[in-house]
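Student: Got start_21.cif for you, mmCIF, C-alpha atoms:
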```cif
data_start
#
loop_
_atom_site.label_atom_id
_atom_site.label_comp_id
_atom_site.auth_asym_id
_atom_site.auth_seq_id
_atom_site.Cartn_x
_atom_site.Cartn_y
_atom_site.Cartn_z
CA MET A 965 -20.51 -63.92 8.21
CA SER A 966 -22.07 -64.35 11.62
CA ILE A 967 -21.00 -62.63 14.79
CA LYS A 968 -19.88 -65.00 17.54
CA ALA A 969 -19.08 -64.26 21.18
CA ILE A 970 -15.48 -64.83 22.27
CA MET A 971 -15.35 -66.49 25.67
CA ARG A 972 -12.75 -65.57 28.31
CA GLU A 973 -11.01 -68.96 28.06
CA GLN A 974 -9.99 -68.00 24.52
CA SER A 975 -7.41 -65.55 25.93
CA THR A 976 -4.96 -67.37 28.18
CA ASN A 977 -1.77 -66.56 30.05
CA PHE A 978 1.09 -68.87 30.92
CA LEU A 979 3.77 -67.99 33.48
CA ASN A 980 7.35 -69.25 33.23
CA THR A 981 7.76 -70.94 36.62
CA LYS A 982 11.43 -71.85 36.05
CA PRO A 983 12.93 -68.53 34.85
CA THR A 984 16.51 -69.56 35.75
CA GLY A 985 16.29 -72.86 33.85
CA THR A 986 17.74 -73.49 30.41
CA THR A 987 14.27 -74.21 29.00
CA PRO A 988 11.17 -72.25 30.04
CA THR A 989 8.51 -74.14 31.97
CA TYR A 990 5.15 -72.52 31.31
CA ALA A 991 2.18 -73.07 33.60
CA LEU A 992 -1.36 -71.97 32.77
CA MET A 993 -2.52 -69.13 35.02
CA ASN A 994 -5.92 -70.58 35.87
CA LYS A 995 -6.52 -72.57 39.05
CA GLY A 996 -7.71 -70.26 41.83
CA ILE A 997 -7.93 -67.21 39.55
CA GLU A 998 -11.54 -66.18 38.94
CA SER A 999 -10.90 -62.90 37.14
CA SER A 1000 -7.96 -61.18 35.49
CA ALA A 1001 -7.54 -58.46 32.90
CA VAL A 1002 -4.51 -56.60 31.60
CA ALA A 1003 -4.63 -52.92 32.58
CA TYR A 1004 -2.92 -50.94 29.82
CA ASN A 1005 -2.25 -47.77 31.88
CA ALA A 1006 -1.68 -45.60 28.82
CA THR A 1007 0.86 -42.79 28.92
CA VAL A 1008 -0.86 -39.80 27.37
CA ASN A 1009 1.02 -36.76 26.10
CA THR A 1010 -1.17 -33.65 26.28
CA ARG A 1011 -0.19 -30.39 24.58
CA HIS A 1012 -2.25 -27.21 24.51
CA TYR A 1013 -0.81 -24.93 21.87
CA VAL A 1014 -1.18 -21.18 22.22
CA ALA A 1015 -3.39 -20.62 19.15
CA ASP A 1016 -5.65 -23.66 19.74
CA LYS A 1017 -8.87 -23.64 21.76
CA ASN A 1018 -8.46 -27.28 22.77
CA ALA A 1019 -5.60 -29.54 23.76
CA THR A 1020 -4.04 -32.18 21.51
CA GLN A 1021 -3.45 -35.62 22.98
CA GLY A 1022 -1.59 -38.72 21.92
CA VAL A 1023 -0.90 -42.11 23.45
CA THR A 1024 2.88 -42.50 23.68
CA GLY A 1025 3.18 -45.82 25.50
CA PHE A 1026 1.80 -48.21 28.08
CA ALA A 1027 2.68 -49.44 31.56
CA LYS A 1028 0.74 -52.71 31.34
CA GLN A 1029 0.04 -54.93 34.31
CA LEU A 1030 -2.08 -57.93 35.19
CA ASP A 1031 -3.55 -57.75 38.70
CA VAL A 1032 -4.19 -61.20 40.16
CA THR A 1033 -5.91 -62.52 43.26
CA GLN A 1034 -5.46 -66.27 43.46
CA PHE A 1035 -6.88 -68.85 45.83
CA ALA A 1036 -4.13 -71.21 47.04
CA TYR A 1037 -4.00 -74.73 45.59
CA LYS A 1038 -1.10 -76.96 46.57
CA GLY A 1039 0.23 -78.64 43.44
CA ASP A 1040 -0.68 -75.75 41.11
CA ALA A 1041 2.58 -74.66 39.47
CA CYS A 1042 1.65 -70.94 39.29
CA PHE A 1043 0.61 -70.81 42.95
CA GLU A 1044 3.74 -72.65 44.08
CA TYR A 1045 6.01 -70.35 42.03
CA ILE A 1046 4.41 -67.18 43.43
CA ASP A 1047 4.35 -68.67 46.95
CA ASP A 1048 8.13 -69.26 46.70
CA LEU A 1049 8.57 -65.60 45.71
CA ILE A 1050 6.49 -64.61 48.76
CA TYR A 1051 8.38 -66.95 51.11
CA ASN A 1052 11.76 -65.67 49.89
CA ASP A 1053 10.78 -61.96 49.76
CA ALA A 1054 11.85 -61.93 46.10
CA LYS A 1055 12.91 -58.62 44.62
CA GLY A 1056 15.10 -57.38 41.79
CA SER A 1057 16.06 -60.03 39.25
CA ASP A 1058 14.69 -62.76 41.56
CA ALA A 1059 11.18 -61.48 40.77
CA GLU A 1060 11.66 -61.47 36.98
CA THR A 1061 10.22 -64.08 34.66
CA GLU A 1062 8.23 -64.30 31.41
CA MET A 1063 4.55 -64.56 30.59
CA LEU A 1064 3.05 -65.94 27.40
CA ARG A 1065 -0.14 -64.17 26.35
CA VAL A 1066 -1.96 -66.54 24.02
CA PHE A 1067 -4.69 -65.09 21.81
CA ASN A 1068 -6.48 -68.37 21.01
CA TYR A 1069 -9.44 -66.55 19.43
CA ARG A 1070 -7.12 -65.04 16.78
CA ALA A 1071 -6.09 -68.45 15.41
CA THR A 1072 -7.08 -68.92 11.76
CA THR A 1073 -8.78 -72.23 12.58
CA GLU A 1074 -11.10 -72.60 15.57
CA GLY A 1075 -9.64 -75.08 18.07
CA ALA A 1076 -6.19 -74.90 16.48
CA THR A 1077 -3.22 -76.28 18.44
CA THR A 1078 -0.50 -74.76 16.23
CA GLY A 1079 0.15 -71.29 14.84
CA ILE A 1080 -1.78 -69.56 17.62
CA PRO A 1081 -0.88 -65.84 17.87
CA ALA A 1082 0.98 -65.02 21.08
CA HIS A 1083 3.22 -62.50 22.83
CA LEU A 1084 6.23 -63.49 24.93
CA GLN A 1085 6.42 -60.77 27.57
CA PRO A 1086 9.22 -60.15 30.10
CA VAL A 1087 7.54 -59.47 33.46
CA ILE A 1088 8.25 -58.65 37.09
CA ILE A 1089 6.14 -60.18 39.85
CA GLN A 1090 5.12 -57.62 42.49
CA ILE A 1091 3.75 -59.30 45.61
CA ASP A 1092 0.81 -57.46 47.19
CA SER A 1093 -0.85 -59.72 49.75
CA HIS A 1094 -0.90 -63.10 51.45
CA GLY A 1095 -3.84 -64.09 53.66
CA GLY A 1096 -7.59 -63.74 53.47
CA ASP A 1097 -10.66 -64.06 55.65
CA GLY A 1098 -10.97 -66.38 58.62
CA GLY A 1099 -12.54 -69.72 57.74
CA ASP A 1100 -11.86 -69.18 54.04
CA GLN A 1101 -9.21 -70.41 51.65
CA LEU A 1102 -5.78 -68.74 51.62
CA GLN A 1103 -5.40 -66.07 48.94
CA ILE A 1104 -2.38 -64.40 47.40
CA GLY A 1105 -2.44 -61.09 45.58
CA TYR A 1106 0.16 -60.05 43.04
CA ASN A 1107 0.72 -57.85 40.01
CA VAL A 1108 2.40 -59.08 36.87
CA LEU A 1109 4.21 -55.93 35.68
CA PHE A 1110 5.10 -55.94 31.98
CA ASN A 1111 8.81 -55.18 31.67
CA GLY A 1112 9.60 -53.81 28.21
CA ASP A 1113 8.39 -54.83 24.80
CA PRO A 1114 6.84 -58.20 23.95
CA VAL A 1115 8.12 -60.55 21.28
CA LYS A 1116 5.31 -61.41 18.87
CA GLY A 1117 5.05 -64.94 17.55
CA THR A 1118 2.99 -68.08 17.68
CA VAL A 1119 2.37 -70.90 20.12
CA SER A 1120 1.88 -74.60 19.55
CA LEU A 1121 0.04 -76.51 22.28
CA VAL A 1122 0.78 -80.17 22.92
CA ASP A 1123 -1.22 -81.63 25.82
CA GLY A 1124 -1.82 -78.06 27.03
CA VAL A 1125 1.92 -77.22 27.13
CA PRO A 1126 2.89 -74.21 25.00
CA THR A 1127 5.96 -73.88 22.81
CA PHE A 1128 6.64 -70.33 21.59
CA THR A 1129 8.14 -69.48 18.19
CA PRO A 1130 9.10 -65.83 17.51
CA GLU A 1131 7.74 -64.14 14.36
CA GLY A 1132 9.87 -64.88 11.33
CA GLN A 1133 11.18 -68.17 12.76
CA GLU A 1134 8.12 -70.27 12.00
CA GLY A 1135 8.96 -73.55 10.26
#
```
If you convert what's in this file into C-alpha cells, what do you get?
Tutor:
Amino acid sequence: MSIKAIMREQSTNFLNTKPTGTTPTYALMNKGIESSAVAYNATVNTRHYVADKNATQGVTGFAKQLDVTQFAYKGDACFEYIDDLIYNDAKGSDAETEMLRVFNYRATTEGATTGIPAHLQPVIIQIDSHGGDGGDQLQIGYNVLFNGDPVKGTVSLVDGVPTFTPEGQEG
C-alpha cells in the first residue's frame, strides 16, 4: 500500500443558504475563501489528586468553529447569504443554519459521487467584519459556530449538489 497526499479540496463544506425553506439549499463554501480550518477548541478537564505528583487530564468536549475570511463575489450563494445576514444584523435564530462537512477523502472509491462520509452540523453564523483595504476587494469575516452534535451520514453529489442521508437510512 502506498502513501498518498490528501489535498485540501478533498475536505469540503457546504452551507445551507435557505435555512427557513422546506428543502435545504447547500452551496459550496469556496469562492473567495483561500483558507479555512475547523478549530476544535477542546474542553479539557484537569484534576490533580492529593496523592499524585502530576495532574490527570481528559478531553470532555469541543466548541468547534470555522473561522472564515471571504472575498466578495456577487452571484456566489455563500457570499450572498452571509451578506444578507450582515445587512440585516442577524442574531438569534435568524443566524442559525446547517453546514455539511464532506470528507471526500474517506470515500471507499476515489472520485466517488455517492456514499461519501459526511456530517450534517447545526451552526450559528457570527459576523465579525465587513470591509477591507482601500483599492482592494471587499472582504467579509465570520465564524461558523458549531451548535450541538452533528448527524453522521453520507452525501451523494449530482452536478456538485449534495444530498445528505443520515446513518442507518441509506438505501
Student: Can you write out as a Markdown table which residues of region 1004-1075 of chain A fall within 6 Å of region 1086-1108 of chain A, alongside each residue's closest atom pair and its distance in Å to one decimal, counting only C-alpha atoms and ordering rows by chain and ascending residue number?
Tutor:
```
| residue | atom | partner | partner_atom | distance |
| --- | --- | --- | --- | --- |
| A:Gln1029 | CA | A:Val1108 | CA | 5.4 |
| A:Leu1030 | CA | A:Val1108 | CA | 4.9 |
| A:Asp1031 | CA | A:Asn1107 | CA | 4.5 |
| A:Val1032 | CA | A:Tyr1106 | CA | 5.3 |
| A:Thr1033 | CA | A:Gly1105 | CA | 4.4 |
| A:Gln1034 | CA | A:Ile1104 | CA | 5.3 |
| A:Phe1035 | CA | A:Gln1103 | CA | 4.4 |
| A:Ala1036 | CA | A:Leu1102 | CA | 5.5 |
| A:Ala1059 | CA | A:Ile1089 | CA | 5.3 |
| A:Glu1060 | CA | A:Ile1088 | CA | 4.4 |
| A:Thr1061 | CA | A:Val1087 | CA | 5.5 |
| A:Glu1062 | CA | A:Pro1086 | CA | 4.5 |
```
Student: Scan for residues within 9 Å of the point (-3.7, -72.8, 35.2) in the coordinates of the file, using all atoms listed in the file, and reply as a PyMOL selection string.
Tutor: chain A and resi 976-978+991-997+1040-1042
Student: To one decimal place, how far is CA of Thr984 (chain A) from CA of Asn1111 (chain A) in Å?
Tutor: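 Separation of CA of Thr984 (chain A) and CA of Asn1111 (chain A): 16.8 Å.
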Student: CA of Lys1028 (chain A) and CA of Val1002 (chain A), how far apart in Å?
Tutor: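 CA of Lys1028 (chain A) lies 6.5 Å from CA of Val1002 (chain A).
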Student: If you measure from CA of Phe1043 (chain A) to CA of Ser999 (chain A), what distance in Å do you get, rounded to one decimal?
Tutor: 15.1 Å
Student: List the residues selected by the PyMOL selection byres ((chain A and resi 1069-1081) around 7) in the file shown, writing them as a PyMOL selection string.
Tutor: chain A and resi 970+974-975+1066-1068+1082+1117-1121
Student: Go ahead and write the residues just picked, C-alpha atoms, as a PDB file, in the frame of the given file.
Tutor:
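Saved as result_39.pdb:
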```pdb
ATOM      1  CA  ILE A 970     -15.480 -64.830  22.270  1.00  0.00           C
ATOM      2  CA  GLN A 974      -9.990 -68.000  24.520  1.00  0.00           C
ATOM      3  CA  SER A 975      -7.410 -65.550  25.930  1.00  0.00           C
ATOM      4  CA  VAL A1066      -1.960 -66.540  24.020  1.00  0.00           C
ATOM      5  CA  PHE A1067      -4.690 -65.090  21.810  1.00  0.00           C
ATOM      6  CA  ASN A1068      -6.480 -68.370  21.010  1.00  0.00           C
ATOM      7  CA  ALA A1082       0.980 -65.020  21.080  1.00  0.00           C
ATOM      8  CA  GLY A1117       5.050 -64.940  17.550  1.00  0.00           C
ATOM      9  CA  THR A1118       2.990 -68.080  17.680  1.00  0.00           C
ATOM     10  CA  VAL A1119       2.370 -70.900  20.120  1.00  0.00           C
ATOM     11  CA  SER A1120       1.880 -74.600  19.550  1.00  0.00           C
ATOM     12  CA  LEU A1121       0.040 -76.510  22.280  1.00  0.00           C
TER      13      LEU A1121
END
```
Student: Enumerate, as a PyMOL selection string, the residues matched when the PyMOL selection byres ((chain A and resi 1006) around 7) is run on the file above.
Tutor: chain A and resi 1004-1005+1007-1008+1023+1025-1027
Student: Could you save the residues just selected, with C-alpha atoms, as an mmCIF file, in the coordinates of the input?
Tutor:
```cif
data_model
loop_
_atom_site.group_PDB
_atom_site.id
_atom_site.type_symbol
_atom_site.label_atom_id
_atom_site.label_comp_id
_atom_site.auth_asym_id
_atom_site.auth_seq_id
_atom_site.Cartn_x
_atom_site.Cartn_y
_atom_site.Cartn_z
ATOM 1 C CA TYR A 1004 -2.920 -50.940 29.820
ATOM 2 C CA ASN A 1005 -2.250 -47.770 31.880
ATOM 3 C CA THR A 1007 0.860 -42.790 28.920
ATOM 4 C CA VAL A 1008 -0.860 -39.800 27.370
ATOM 5 C CA VAL A 1023 -0.900 -42.110 23.450
ATOM 6 C CA GLY A 1025 3.180 -45.820 25.500
ATOM 7 C CA PHE A 1026 1.800 -48.210 28.080
ATOM 8 C CA ALA A 1027 2.680 -49.440 31.560
#
```
